[in-house]
Each structure stands twice: as structure tokens, then as C-alpha cells.
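What follows is input-v4.txt (compact mmCIF, C-alpha atoms).
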# COMPACT_ATOMS: atom_id res chain seq x y z
CA MET A 1 -12.54 20.91 -25.84
CA TYR A 2 -12.79 22.27 -22.31
CA LYS A 3 -15.53 24.78 -23.18
CA ARG A 4 -17.45 22.19 -25.16
CA ASN A 5 -17.55 19.81 -22.19
CA PHE A 6 -17.75 22.36 -19.40
CA ARG A 7 -21.48 21.95 -18.67
CA GLY A 8 -21.22 18.18 -18.33
CA VAL A 9 -18.06 18.54 -16.28
CA SER A 10 -19.80 20.95 -13.91
CA GLN A 11 -22.63 18.50 -13.34
CA VAL A 12 -20.28 15.65 -12.47
CA LEU A 13 -18.14 17.82 -10.17
CA ASN A 14 -21.22 19.09 -8.36
CA GLN A 15 -22.20 15.49 -7.68
CA GLN A 16 -18.77 15.04 -6.09
CA GLY A 17 -19.30 18.08 -3.90
CA MET A 18 -16.85 20.29 -5.83
CA GLU A 19 -17.68 23.21 -8.11
CA ALA A 20 -15.87 23.46 -11.43
CA GLU A 21 -14.36 26.83 -10.55
CA SER A 22 -13.14 25.48 -7.21
CA ALA A 23 -11.55 22.48 -8.95
CA LYS A 24 -9.83 24.83 -11.40
CA CYS A 25 -8.40 26.88 -8.52
CA TRP A 26 -7.12 23.79 -6.71
CA PHE A 27 -5.47 22.34 -9.79
CA SER A 28 -3.84 25.70 -10.50
CA PHE A 29 -2.58 25.94 -6.91
CA ILE A 30 -1.21 22.38 -6.98
CA ARG A 31 0.68 23.05 -10.21
CA ASP A 32 1.84 26.57 -9.32
CA ARG A 33 5.65 26.62 -9.24
CA ARG A 34 5.93 29.81 -7.19
CA TRP A 35 5.79 27.90 -3.91
CA SER A 36 7.06 24.61 -2.57
CA ARG A 37 4.67 22.03 -1.14
CA THR A 38 5.65 23.08 2.39
CA GLN A 39 4.99 26.74 1.59
CA LYS A 40 1.62 25.92 0.05
CA ARG A 41 0.57 24.01 3.14
CA LYS A 42 1.75 26.88 5.34
CA LEU A 43 -0.39 29.31 3.36
CA LEU A 44 -3.44 27.04 3.59
CA GLU A 45 -3.00 26.57 7.33
CA TYR A 46 -2.56 30.30 7.90
CA PHE A 47 -5.42 31.60 5.75
CA GLY A 48 -7.78 28.67 6.40
CA ASP A 49 -9.04 28.18 2.84
CA LEU A 50 -7.78 28.38 -0.72
CA ASN A 51 -9.86 31.41 -1.74
CA SER A 52 -8.23 33.49 0.98
CA VAL A 53 -4.79 32.41 -0.21
CA LEU A 54 -5.56 33.34 -3.80
CA SER A 55 -7.07 36.70 -2.86
CA ALA A 56 -4.19 37.68 -0.53
CA SER A 57 -1.79 40.39 -1.66
CA GLU A 58 1.83 39.69 -2.52
CA SER A 59 2.97 41.45 0.64
CA GLU A 60 0.63 39.35 2.80
CA LEU A 61 1.91 36.14 1.23
CA ASP A 62 5.53 37.23 1.73
CA GLN A 63 4.84 38.09 5.34
CA VAL A 64 3.36 34.65 6.06
CA LEU A 65 6.17 32.83 4.29
CA GLY A 66 8.94 35.10 5.54
CA THR A 67 10.13 35.78 2.00
CA LYS A 68 11.17 38.99 0.29
CA ARG A 69 8.70 40.54 -2.09
CA ARG A 70 9.50 39.94 -5.72
CA SER A 71 7.69 39.85 -9.02
CA ARG A 72 6.09 36.47 -9.47
CA LYS A 73 4.08 34.91 -12.23
CA PRO A 74 2.07 31.73 -11.74
CA GLY A 75 3.97 28.84 -13.34
CA VAL A 76 0.83 27.12 -14.61
CA ASP A 77 -0.10 25.71 -18.00
CA ALA A 78 -3.76 26.62 -18.55
CA SER A 79 -4.32 23.85 -21.08
CA GLN A 80 -3.10 21.29 -18.53
CA ILE A 81 -5.55 22.61 -15.92
CA ASN A 82 -8.39 21.98 -18.35
CA LYS A 83 -7.19 18.39 -18.79
CA ASP A 84 -7.04 18.02 -14.99
CA ILE A 85 -10.65 19.12 -14.65
CA LEU A 86 -11.82 16.73 -17.34
CA TRP A 87 -9.91 13.92 -15.62
CA VAL A 88 -11.49 14.47 -12.21
CA ALA A 89 -14.93 14.70 -13.80
CA SER A 90 -14.60 11.23 -15.32
CA GLY A 91 -15.67 8.09 -13.51
CA HIS A 92 -13.73 6.68 -10.55
CA HIS A 93 -11.57 9.83 -10.24
CA GLN A 94 -11.48 12.25 -7.31
CA LEU A 95 -9.44 15.15 -5.98
CA ILE A 96 -9.33 15.11 -2.17
CA THR A 97 -8.11 18.48 -0.92
CA PHE A 98 -6.61 19.31 2.47
CA PHE A 99 -9.95 20.74 3.65
CA ASP A 100 -12.08 17.92 2.23
CA PRO A 101 -13.87 15.87 4.95
CA ARG A 102 -12.76 12.75 3.04
CA TYR A 103 -9.08 13.66 3.55
CA PRO A 104 -7.61 10.94 5.85
CA ASP A 105 -7.24 12.25 9.39
CA VAL A 106 -4.18 10.05 9.93
CA LEU A 107 -2.32 12.02 7.26
CA ARG A 108 -2.99 15.28 9.08
CA GLU A 109 -0.91 13.86 11.95
CA ILE A 110 2.28 13.29 9.95
CA ASN A 111 5.04 15.74 9.11
CA ASP A 112 4.58 17.28 5.68
CA PRO A 113 1.08 16.04 4.80
CA PRO A 114 0.08 16.45 1.15
CA ILE A 115 -2.08 19.46 0.28
CA ALA A 116 -4.28 17.21 -1.86
CA LEU A 117 -4.59 13.62 -3.05
CA PHE A 118 -5.48 12.42 -6.52
CA ALA A 119 -7.57 9.26 -6.16
CA ALA A 120 -8.67 6.61 -8.64
CA GLY A 121 -10.90 3.80 -7.44
CA ASP A 122 -12.98 3.05 -4.35
CA LEU A 123 -12.65 5.86 -1.79
CA SER A 124 -14.53 3.84 0.84
CA LEU A 125 -11.31 1.85 1.36
CA LEU A 126 -9.92 4.86 3.23
CA ASP A 127 -12.41 4.11 6.01
CA LYS A 128 -11.11 0.58 6.57
CA PRO A 129 -8.35 -0.45 8.99
CA LYS A 130 -5.09 -0.44 7.05
CA VAL A 131 -1.78 -2.30 7.23
CA ALA A 132 1.20 -1.54 4.98
CA ILE A 133 3.35 -4.35 3.58
CA VAL A 134 6.67 -3.39 1.95
CA GLY A 135 9.98 -5.06 1.24
CA SER A 136 12.47 -6.37 -1.26
CA ARG A 137 12.11 -5.75 -4.98
CA LYS A 138 13.67 -9.20 -5.56
CA PRO A 139 12.12 -11.40 -2.86
CA SER A 140 13.03 -15.03 -2.23
CA PRO A 141 10.39 -17.79 -2.58
CA ILE A 142 9.92 -17.73 1.20
CA GLY A 143 9.40 -13.97 1.11
CA VAL A 144 6.76 -14.40 -1.58
CA ARG A 145 4.92 -17.05 0.46
CA VAL A 146 5.01 -15.05 3.69
CA THR A 147 3.81 -11.88 1.95
CA THR A 148 1.00 -13.75 0.23
CA GLN A 149 -0.12 -15.36 3.50
CA ILE A 150 -0.09 -12.14 5.52
CA SER A 151 -1.76 -10.06 2.81
CA SER A 152 -4.50 -12.57 1.97
CA SER A 153 -5.30 -13.42 5.60
CA LEU A 154 -5.63 -9.75 6.60
CA SER A 155 -7.58 -8.89 3.44
CA ALA A 156 -10.03 -11.71 4.15
CA LEU A 157 -10.99 -9.79 7.28
CA GLY A 158 -11.59 -6.53 5.43
CA ILE A 159 -8.25 -4.95 6.38
CA ALA A 160 -6.90 -2.84 3.51
CA ILE A 161 -3.37 -3.68 2.36
CA VAL A 162 -1.33 -0.54 1.61
CA SER A 163 1.81 -0.59 -0.52
CA GLY A 164 3.58 1.23 -3.34
CA LEU A 165 2.86 -0.87 -6.47
CA ALA A 166 6.62 -1.41 -6.94
CA TYR A 167 8.36 -4.59 -8.06
CA GLY A 168 8.61 -7.46 -5.59
CA ILE A 169 6.89 -7.46 -2.21
CA ASP A 170 4.69 -4.43 -3.04
CA ALA A 171 3.14 -6.05 -6.10
CA ILE A 172 2.84 -9.44 -4.40
CA ALA A 173 0.98 -7.89 -1.44
CA HIS A 174 -1.44 -6.10 -3.79
CA GLU A 175 -2.05 -9.17 -5.94
CA ALA A 176 -2.65 -11.45 -2.94
CA SER A 177 -5.30 -9.05 -1.68
CA LEU A 178 -6.94 -8.57 -5.08
CA SER A 179 -6.97 -12.33 -5.74
CA ILE A 180 -9.54 -12.80 -2.97
CA ASN A 181 -11.38 -9.56 -3.77
CA GLY A 182 -9.85 -7.94 -0.70
CA PRO A 183 -9.29 -4.20 -0.20
CA SER A 184 -5.95 -2.85 -1.42
CA ILE A 185 -4.54 0.69 -1.64
CA ALA A 186 -1.56 1.71 -3.78
CA VAL A 187 0.30 4.97 -3.16
CA ILE A 188 2.42 5.82 -6.19
CA GLY A 189 5.38 8.14 -6.69
CA CYS A 190 4.23 9.73 -9.95
CA GLY A 191 1.13 11.23 -11.52
CA ILE A 192 -1.87 9.00 -11.02
CA ASP A 193 -2.26 8.60 -14.78
CA VAL A 194 1.33 7.35 -15.12
CA VAL A 195 1.78 3.57 -14.93
CA TYR A 196 5.13 2.84 -13.31
CA PRO A 197 6.72 0.41 -13.62
CA ALA A 198 5.20 -0.08 -17.07
CA ARG A 199 5.08 -3.86 -16.62
CA HIS A 200 2.56 -3.38 -13.82
CA ARG A 201 -0.14 -2.08 -16.15
CA ALA A 202 -2.35 -5.14 -15.45
CA ILE A 203 -2.03 -4.71 -11.67
CA TYR A 204 -2.63 -0.97 -12.04
CA GLN A 205 -5.86 -1.64 -13.92
CA LYS A 206 -7.03 -4.13 -11.29
CA MET A 207 -6.30 -1.58 -8.56
CA HIS A 208 -8.15 1.09 -10.53
CA ASN A 209 -11.21 -1.13 -10.96
CA ASN A 210 -11.31 -2.96 -7.61
CA GLY A 211 -8.98 -1.12 -5.25
CA LEU A 212 -7.75 2.43 -4.74
CA ILE A 213 -4.76 4.31 -6.19
CA LEU A 214 -3.52 7.52 -4.54
CA SER A 215 -0.94 10.12 -5.53
CA GLU A 216 -0.07 13.61 -4.36
CA TYR A 217 1.54 14.43 -7.70
CA PRO A 218 -0.33 16.13 -10.56
CA LEU A 219 -1.29 14.28 -13.72
CA GLY A 220 1.60 13.48 -16.02
CA PHE A 221 4.22 13.88 -13.26
CA ALA A 222 7.15 11.57 -14.01
CA PRO A 223 8.66 9.37 -11.27
CA SER A 224 12.17 10.10 -10.00
CA LYS A 225 14.56 8.87 -7.32
CA TYR A 226 13.16 11.58 -5.04
CA THR A 227 9.46 10.84 -5.41
CA PHE A 228 9.60 7.27 -4.10
CA PRO A 229 11.05 8.06 -0.65
CA ASP A 230 8.56 10.94 -0.59
CA ARG A 231 5.73 8.55 -1.39
CA ASN A 232 6.78 6.21 1.44
CA ARG A 233 5.70 8.67 4.13
CA LEU A 234 2.12 8.29 2.86
CA VAL A 235 2.31 4.48 2.72
CA SER A 236 3.24 4.35 6.40
CA GLY A 237 1.17 7.40 7.33
CA LEU A 238 -2.09 5.87 6.10
CA SER A 239 -1.53 2.64 8.03
CA SER A 240 -1.88 1.44 11.61
CA GLY A 241 1.31 -0.55 11.18
CA VAL A 242 3.98 -1.45 8.65
CA VAL A 243 5.15 -5.01 7.90
CA ILE A 244 8.69 -5.32 6.50
CA VAL A 245 9.51 -8.40 4.41
CA GLU A 246 13.16 -8.98 3.43
CA ALA A 247 15.04 -5.72 3.87
CA ALA A 248 18.75 -5.80 3.07
CA GLU A 249 21.25 -3.59 4.92
CA ARG A 250 20.97 -0.79 2.34
CA SER A 251 17.39 -1.42 1.30
CA GLY A 252 15.15 1.49 0.42
CA THR A 253 12.54 -0.27 2.56
CA LEU A 254 14.43 0.99 5.61
CA ILE A 255 13.25 4.50 4.71
CA THR A 256 9.65 3.38 5.21
CA ALA A 257 10.67 1.69 8.48
CA ARG A 258 12.20 4.95 9.75
CA LEU A 259 9.12 6.90 8.72
CA ALA A 260 6.86 4.42 10.51
CA ILE A 261 8.82 4.96 13.72
CA GLU A 262 8.71 8.75 13.31
CA GLN A 263 4.95 8.59 12.71
CA ASN A 264 4.43 6.37 15.78
CA ARG A 265 3.17 3.46 13.68
CA GLU A 266 3.69 -0.16 14.75
CA LEU A 267 6.79 -1.49 12.97
CA MET A 268 6.67 -5.25 12.31
CA VAL A 269 9.41 -7.29 10.68
CA VAL A 270 9.45 -10.82 9.26
CA PRO A 271 12.67 -12.62 10.31
CA GLY A 272 14.79 -14.83 8.06
CA PRO A 273 17.96 -16.92 8.01
CA ALA A 274 20.70 -15.44 10.19
CA VAL A 275 23.31 -15.65 7.42
CA SER A 276 21.14 -14.18 4.66
CA ASN A 277 22.10 -10.72 3.38
CA GLN A 278 18.50 -10.45 2.17
CA TYR A 279 17.44 -10.08 5.82
CA SER A 280 20.35 -8.10 7.30
CA GLY A 281 18.37 -4.86 7.46
CA SER A 282 15.32 -6.71 8.79
CA HIS A 283 17.32 -8.27 11.62
CA ARG A 284 18.83 -4.93 12.57
CA LEU A 285 15.32 -3.49 12.86
CA ILE A 286 14.32 -6.36 15.16
CA LYS A 287 17.44 -5.79 17.30
CA ASP A 288 16.47 -2.12 17.53
CA GLY A 289 13.03 -2.99 18.90
CA ALA A 290 10.74 -3.72 15.94
CA ALA A 291 8.12 -6.41 16.56
CA LEU A 292 8.80 -9.84 15.08
CA VAL A 293 5.93 -11.26 13.03
CA CYS A 294 5.64 -14.45 11.00
CA ASN A 295 2.01 -14.47 9.83
CA GLY A 296 -1.29 -12.64 9.84
CA ASP A 297 -2.11 -13.78 13.38
CA ASP A 298 0.99 -12.02 14.73
CA VAL A 299 0.02 -8.78 12.98
CA LEU A 300 -3.50 -8.96 14.39
CA GLU A 301 -2.27 -9.60 17.93
CA LEU A 302 -0.12 -6.47 17.74
CA LEU A 303 -2.62 -4.14 16.10
CA PHE A 304 -6.10 -5.40 16.87
CA THR A 305 -5.92 -7.18 20.24
CA GLU A 306 -9.08 -5.50 21.44
CA MET A 307 -10.97 -6.80 18.41
CA SER A 308 -11.09 -10.51 19.22
CA GLU A 309 -13.52 -11.22 16.41
CA PHE A 310 -10.70 -10.47 13.96
CA CYS A 311 -8.75 -13.49 15.19
CA ALA A 312 -11.89 -15.65 15.13
CA ASN A 313 -12.62 -14.56 11.57
CA LEU A 314 -9.04 -15.26 10.54
CA GLU A 315 -9.24 -18.83 11.82
CA SER A 316 -12.53 -19.28 10.00
CA SER A 317 -11.11 -17.90 6.75
CA GLU A 318 -8.13 -20.27 6.95
CA GLN A 319 -10.47 -23.23 7.47
CA LYS A 320 -12.45 -22.18 4.42
CA ALA A 321 -9.24 -21.91 2.43
CA SER A 322 -8.34 -25.50 3.32
CA ALA A 323 -11.77 -26.70 2.28
CA TYR A 324 -11.51 -24.76 -0.96
CA VAL A 325 -8.39 -26.55 -2.14
CA GLY A 326 -10.28 -29.84 -1.74
CA LEU A 327 -7.75 -31.90 0.23
CA ASN A 328 -8.85 -35.44 1.01
CA GLN A 329 -8.35 -36.92 4.47
CA GLN A 330 -4.92 -38.45 3.78
CA GLN A 331 -3.62 -35.34 2.00
CA LEU A 332 -4.78 -33.18 4.89
CA LYS A 333 -3.07 -35.54 7.36
CA VAL A 334 0.27 -35.01 5.60
CA PHE A 335 -0.26 -31.28 5.09
CA GLU A 336 -1.01 -30.68 8.78
CA VAL A 337 2.34 -32.08 9.96
CA LEU A 338 4.23 -29.74 7.65
CA SER A 339 5.20 -26.16 8.44
CA HIS A 340 7.46 -23.54 6.88
CA GLU A 341 10.45 -25.34 8.39
CA PRO A 342 11.76 -28.30 6.29
CA LEU A 343 10.64 -31.77 7.41
CA SER A 344 12.25 -34.96 6.12
CA ILE A 345 10.26 -37.82 4.58
CA ASP A 346 11.22 -40.08 7.50
CA ALA A 347 9.85 -37.54 9.96
CA ILE A 348 6.63 -37.24 7.96
CA ILE A 349 6.25 -41.04 7.99
CA ASN A 350 6.80 -41.15 11.77
CA GLN A 351 4.25 -38.39 12.45
CA THR A 352 1.54 -39.66 10.09
CA ALA A 353 2.04 -43.44 10.53
CA LEU A 354 1.50 -43.85 6.79
CA ALA A 355 3.52 -46.17 4.57
CA SER A 356 6.50 -44.82 2.66
CA GLU A 357 4.82 -45.45 -0.71
CA GLU A 358 1.70 -43.57 0.40
CA ILE A 359 3.74 -40.63 1.67
CA THR A 360 5.66 -40.37 -1.59
CA ALA A 361 2.46 -40.38 -3.65
CA LEU A 362 0.69 -37.89 -1.36
CA LEU A 363 3.65 -35.48 -1.34
CA LEU A 364 3.73 -35.58 -5.14
CA GLU A 365 0.00 -34.77 -5.29
CA LEU A 366 0.41 -31.89 -2.83
CA GLU A 367 3.44 -30.56 -4.67
CA LEU A 368 1.60 -30.60 -8.00
CA SER A 369 -1.33 -28.74 -6.42
CA GLY A 370 1.02 -26.06 -5.10
CA MET A 371 0.35 -26.86 -1.44
CA VAL A 372 3.86 -28.05 -0.55
CA ALA A 373 7.36 -27.55 -1.93
CA ALA A 374 10.48 -29.69 -1.84
CA THR A 375 13.62 -28.16 -0.33
CA PRO A 376 17.17 -28.57 -1.69
CA GLU A 377 18.01 -30.72 1.37
CA GLY A 378 15.34 -33.27 0.46
CA GLY A 379 12.70 -32.18 2.95
CA TYR A 380 9.27 -30.60 2.42
CA ILE A 381 7.63 -27.36 3.56
CA ARG A 382 4.21 -25.76 3.23
CA ALA A 383 3.93 -23.52 0.18
CA GLN A 384 0.73 -21.83 1.47
Turn this file's structure into C-alpha cells for me.
Amino acid sequence: MYKRNFRGVSQVLNQQGMEAESAKCWFSFIRDRRWSRTQKRKLLEYFGDLNSVLSASESELDQVLGTKRRSRKPGVDASQINKDILWVASGHHQLITFFDPRYPDVLREINDPPIALFAAGDLSLLDKPKVAIVGSRKPSPIGVRVTTQISSSLSALGIAIVSGLAYGIDAIAHEASLSINGPSIAVIGCGIDVVYPARHRAIYQKMHNNGLILSEYPLGFAPSKYTFPDRNRLVSGLSSGVVIVEAAERSGTLITARLAIEQNRELMVVPGPAVSNQYSGSHRLIKDGAALVCNGDDVLELLFTEMSEFCANLESSEQKASAYVGLNQQQLKVFEVLSHEPLSIDAIINQTALASEEITALLLELELSGMVAATPEGGYIRAQ
């Protein structure tokens, strides 16, 4: 199969700026079990290019790595390498190596950068400003609303939303961005051809077609409890800042928060009820100095203060969103007095000067349209 398609494969790879033989060497190096990822990067940094690494003698390699010379055989499946080459030669697929000019400079700054990235989707998204949004796998309704608002408002300005395609906040952040055709980048903890979790196949396909999926793991690589914390360093490393939504005291999200601090990224945390265990980790981060954010405006003020047009564009996009939902004058009057804090019907009547019957009817219309939500205490809050 490989030989039969090799000519066509070579043509496609040449268009991508990579020769077929070079691609074969890189895939072999990535899959070679003789060295760890750290050792591979050390060899690349020392010799300066892959060809020099591959042509070095065993004694030279041992000297660089500080290891004792021993008989080694490349732990590589040749048939798998052929599949790798055919994959990268197909549409929307790329291999971005450590020496590739497309390799994100921000990843070169972090500890333990990947030696290569498998990419599926729109590589131009790497050139956009990026903000990571991560959090609970089982978010509350408020967490869902806040994540949707922050993700969609930033995406409307062309800021790429970075997350891990996991259950909960990750998926919500991606979907909010994709729903308005905004830029979104998923960094996954398995081979880029592996859909995990399996129930996210539809989101995965949307990301593949309209966003960007990245992985440092070779094709077919299965996820494990070790690969997800490993993946998190790239989620934070790619981004200017990281927004945390609903982190419990023992949440895995706190790993990303720690990495963001180590990588000198802006750490931003959405606060919640003081007595909620869902936010205990979040509140500890705020006590330790993380920035408190409640919406997209707060994120922009922290990260893009010098770019005042971002805030102007955000206000414009929110106005367009209001017009899009088609609120009439009375509905808008009620909606504007509401916030994400519960407001009683009596308070709404006092602030709008509308009759009780009108308020009841308008709240029902807004609730049915998804604009507001009733609270257990009998009040109302904005749902968008």
C-alpha cells in the first residue's frame, strides 16, 4: 500500500514543505522506544537537526545523554511508520517538528516542550491570540453559563479558545466558540486519530473541520491517567492566560493552574458561592493571588489592556447578540434589570414600573426563549 501510494504522498508532502524521507525519519524518531521524550529533545538540541542525531555513533549519543553504551535496536514498527506518512499526506493533517518555523514559539519557552506536534485542522489558528478555559467535568448551570459567555465573547473577537476536549467545561468552551464560527484549539492526551471520550465524536469532527486539534502523541496512542496531566502543560503553554471555572479542592484542573503559574501565564479564576465545594479549589487559587474574573471583559482587561479596540469590539458584539435574539422593547426593559444575581418579581416590578401581569407574561416569554431562568428561591437571573 505504501509503495503504491508513495509518489502521490511525496507530492503532497512536498507541498507542505516536508520530503517523504524526512517525514519517515521524524515518525521513526518519535516512535523510537530507545529514548525518552526528554532524551530525544536533548539530542535534537545538542546536534541541531534530526539527520545529525540519526547519523551519530552510539558512543556519541551515549556521551551526550550521559548513558552507558549498550546494544540498542530501534523499537519501531515499520508498517506503522508507513501509515503515519499516509496520514500526514492526507488533507487537513500536518506534522510540526521542533525545527519547523510553524512550531509555536511560546512552547519553546516551557519546560519539556514536545519534539513535534500532530495537527489536524486550521494551522492559522496558532497565529491568533489564545486563552485557555478549563474546569470541572461536571459543571453547575452557572458554570455552564459563565463558560459559554466568556468563550463566545472572546471568540467573537478572533481570540482562539484553547482547552482539552474533555467532559464538562472543556467541551462547553469549545462548543460555545464553534457555535459562532469562532477559533478553537483542542489539545488532546492521546493519538490525534483517537476520539476520547468517545461521546465527543461530533465535537471532534467539528474541531477537525473548523478548528484545530493538536497532540504530541503518535497515531493510535491510547489515553491514560498520565497523558492528561502531560497534555495540560501544552494547554496552558499555548495560551496568554488560563481561565479556571469551578475547580474543587482535589480537581485535576489545579494541575493546569500550577502549570500556568510555572509558565508565567496569567491565571484567572471565576468565583462562586462561598459554601460550595465545587469552588473550593477556585477560591484557594484566588486567595493565593490568582486574578478574579466574571466575564469576557475581565479577561480582556487583564490580558489585552493595550488593545482597546478589543473591548470596543466586545461591546459591539454583545449589542449584535441582543439584536439577534429579537427582543422587543418591553422584553429588553425587563432583561436589562436582570443580572446573574437573583432578582425577585417585586424588585423587577419596582425597577421597570410595569404592571405585575405584564412582568409575569414577559418573564415567561424570556424564560421560554432561554434568555432568563427562574431560581429555586422564586427570583430570576440572566441565562445568557
First collect every listed atom of region 79-86 of chain A; then fit an axis-aligned box around them, widen it by 5 Å on each side, and give centre and edge lengths in Å to one decimal, as lines of an AutoDock Vina configuration file.
center_x = -7.5
center_y = 20.3
center_z = -17.9
size_x = 18.7
size_y = 17.1
size_z = 16.4
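The spacing separating CA of Asp170 (chain A) from CA of Ser215 (chain A) amounts to 15.8 Å.
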Excluding region 324-339 of chain A and any residue of its chain fewer than 3 positions from it, enumerate the residues within 9 Å of it, using only C-alpha atoms, and give them as a CSV table (one decimal) with C-alpha atoms, in the frame of the given file.
chain,number,residue,atom,x,y,z
A,319,GLN,CA,-10.5,-23.2,7.5
A,320,LYS,CA,-12.4,-22.2,4.4
A,321,ALA,CA,-9.2,-21.9,2.4
A,342,PRO,CA,11.8,-28.3,6.3
A,343,LEU,CA,10.6,-31.8,7.4
A,348,ILE,CA,6.6,-37.2,8.0
A,349,ILE,CA,6.2,-41.0,8.0
A,351,GLN,CA,4.2,-38.4,12.4
A,352,THR,CA,1.5,-39.7,10.1
A,354,LEU,CA,1.5,-43.8,6.8
A,359,ILE,CA,3.7,-40.6,1.7
A,362,LEU,CA,0.7,-37.9,-1.4
A,363,LEU,CA,3.6,-35.5,-1.3
A,365,GLU,CA,0.0,-34.8,-5.3
A,366,LEU,CA,0.4,-31.9,-2.8
A,369,SER,CA,-1.3,-28.7,-6.4
A,371,MET,CA,0.4,-26.9,-1.4
A,372,VAL,CA,3.9,-28.0,-0.6
A,380,TYR,CA,9.3,-30.6,2.4
A,381,ILE,CA,7.6,-27.4,3.6
A,382,ARG,CA,4.2,-25.8,3.2
A,383,ALA,CA,3.9,-23.5,0.2
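Taking CA of Val245 (chain A) and CA of Met268 (chain A) as the two end points, the separation is 9.0 Å.
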At most 12 Å is the cut-off: for each residue in region 192-232 of chain A with any atom that close to an atom of region 75-95 of chain A, write down the nearest atom pair and the distance in Å rounded to one decimal, counting only C-alpha atoms, chain first then increasing number, as CSV.
residue,atom,partner,partner_atom,distance
A:Ile192,CA,A:His93,CA,9.8
A:Asp193,CA,A:Trp87,CA,9.4
A:Gln205,CA,A:His92,CA,11.9
A:Met207,CA,A:His92,CA,11.3
A:His208,CA,A:His92,CA,7.9
A:Asn209,CA,A:His92,CA,8.2
A:Asn210,CA,A:His92,CA,10.4
A:Gly211,CA,A:His92,CA,10.6
A:Leu212,CA,A:His92,CA,9.4
A:Ile213,CA,A:His93,CA,9.7
A:Leu214,CA,A:Gln94,CA,9.7
A:Ser215,CA,A:Leu95,CA,9.9
A:Glu216,CA,A:Leu95,CA,9.6
A:Tyr217,CA,A:Leu95,CA,11.1
A:Pro218,CA,A:Asp84,CA,8.3
A:Leu219,CA,A:Asp84,CA,7.0
A:Gly220,CA,A:Gln80,CA,9.5
A:Phe221,CA,A:Gln80,CA,11.7
So, with only C-alpha atoms as the atoms that count, which of A:Phe29, A:Phe47, A:Tyr204, A:Tyr196 lies closest to Glu175 (chain A)?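 Counting only C-alpha atoms, the residue closest to Glu175 (chain A) is A:Tyr204.
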Of the residues A:Gln63, A:Thr256, A:Asn350, A:Ser22, which is the one nearest to Lys42 (chain A), using only C-alpha atoms? A:Gln63
Pick from A:Val275, A:Leu44, A:Ala222, A:Ala56 nearest to Ala248 (chain A), counting all atoms listed in the file: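 The shortest atom-to-atom distance to Ala248 (chain A) comes from A:Val275.
Take CA of Ser236 (chain A) and CA of Ile255 (chain A): the distance between them is 10.2 Å.
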For each of A:Ser52, A:Ser179, A:Asn295, A:Ser224, take the minimum atom-to-atom distance to Ile203 (chain A), counting only C-alpha atoms, then give the residue where this is smallest. A:Ser179
Nearest candidate to Pro183 (chain A) (options A:Gly158, A:Pro223, A:Gly164, A:Pro129; using all atoms listed in the file):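 Nearest candidate to Pro183 (chain A) out of A:Gly158, A:Pro223, A:Gly164, A:Pro129: A:Gly158.
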Selected residue, from A:Pro197, A:Pro376, A:Gly296, A:Gly189, that lies nearest to Leu157 (chain A) when counting only C-alpha atoms: A:Gly296
Using all atoms listed in the file, determine which residues lie at most 9 Å from Arg41 (chain A), disregarding the query and same-chain residues fewer than 5 positions distant; provide the list as a VMD selection string. chain A and resid 36 46 98 112 to 115
Take the selection from the previous step and output its residues with C-alpha atoms, as a PDB file, keeping the file's coordinate frame.
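So result-v1.pdb came out as:
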ATOM      1  CA  SER A  36       7.060  24.610  -2.570  1.00  0.00           C
ATOM      2  CA  TYR A  46      -2.560  30.300   7.900  1.00  0.00           C
ATOM      3  CA  PHE A  98      -6.610  19.310   2.470  1.00  0.00           C
ATOM      4  CA  ASP A 112       4.580  17.280   5.680  1.00  0.00           C
ATOM      5  CA  PRO A 113       1.080  16.040   4.800  1.00  0.00           C
ATOM      6  CA  PRO A 114       0.080  16.450   1.150  1.00  0.00           C
ATOM      7  CA  ILE A 115      -2.080  19.460   0.280  1.00  0.00           C
TER       8      ILE A 115
END
Which residues are close to Ala160 (chain A), i.e. within 7 Å by only C-alpha atoms, leaving aside same-chain residues fewer than 2 positions away? Reply as a PyMOL selection string. chain A and resi 125+128-131+155+158+162+183-185
Can you write out the residues you just picked, keeping C-alpha atoms, as an mmCIF file, in the frame of the given file?
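Contents of the output file part39.cif:
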data_model
loop_
_atom_site.group_PDB
_atom_site.id
_atom_site.type_symbol
_atom_site.label_atom_id
_atom_site.label_comp_id
_atom_site.auth_asym_id
_atom_site.auth_seq_id
_atom_site.Cartn_x
_atom_site.Cartn_y
_atom_site.Cartn_z
ATOM 1 C CA LEU A 125 -11.310 1.850 1.360
ATOM 2 C CA LYS A 128 -11.110 0.580 6.570
ATOM 3 C CA PRO A 129 -8.350 -0.450 8.990
ATOM 4 C CA LYS A 130 -5.090 -0.440 7.050
ATOM 5 C CA VAL A 131 -1.780 -2.300 7.230
ATOM 6 C CA SER A 155 -7.580 -8.890 3.440
ATOM 7 C CA GLY A 158 -11.590 -6.530 5.430
ATOM 8 C CA VAL A 162 -1.330 -0.540 1.610
ATOM 9 C CA PRO A 183 -9.290 -4.200 -0.200
ATOM 10 C CA SER A 184 -5.950 -2.850 -1.420
ATOM 11 C CA ILE A 185 -4.540 0.690 -1.640
#
Any chance you could turn region 93-126 of chain A into a file with C-alpha atoms, as a compact mmCIF listing (two decimals), in the first residue's frame?
# COMPACT_ATOMS: atom_id res chain seq x y z
CA HIS A 93 -3.15 16.84 8.56
CA GLN A 94 0.30 18.16 9.45
CA LEU A 95 3.38 17.18 11.42
CA ILE A 96 5.01 20.23 13.03
CA THR A 97 8.52 19.33 14.15
CA PHE A 98 10.68 21.10 16.74
CA PHE A 99 12.64 22.84 13.96
CA ASP A 100 9.60 23.76 11.86
CA PRO A 101 9.04 27.55 11.59
CA ARG A 102 5.36 26.85 12.29
CA TYR A 103 6.20 25.36 15.70
CA PRO A 104 4.69 27.75 18.32
CA ASP A 105 7.41 29.91 19.87
CA VAL A 106 5.51 30.00 23.17
CA LEU A 107 6.01 26.25 23.54
CA ARG A 108 9.77 26.63 23.18
CA GLU A 109 9.64 28.69 26.41
CA ILE A 110 8.10 25.99 28.60
CA ASN A 111 9.78 23.14 30.43
CA ASP A 112 9.68 19.91 28.45
CA PRO A 113 8.37 21.17 25.09
CA PRO A 114 7.19 18.46 22.69
CA ILE A 115 9.61 17.39 19.97
CA ALA A 116 6.77 17.51 17.45
CA LEU A 117 3.04 18.18 17.20
CA PHE A 118 0.49 16.25 15.19
CA ALA A 119 -2.08 18.73 13.87
CA ALA A 120 -5.49 18.29 12.27
CA GLY A 121 -7.37 21.36 11.11
CA ASP A 122 -6.58 25.03 10.54
CA LEU A 123 -2.95 25.78 11.46
CA SER A 124 -3.52 29.54 11.06
CA LEU A 125 -5.24 29.46 14.47
CA LEU A 126 -1.79 29.13 16.05
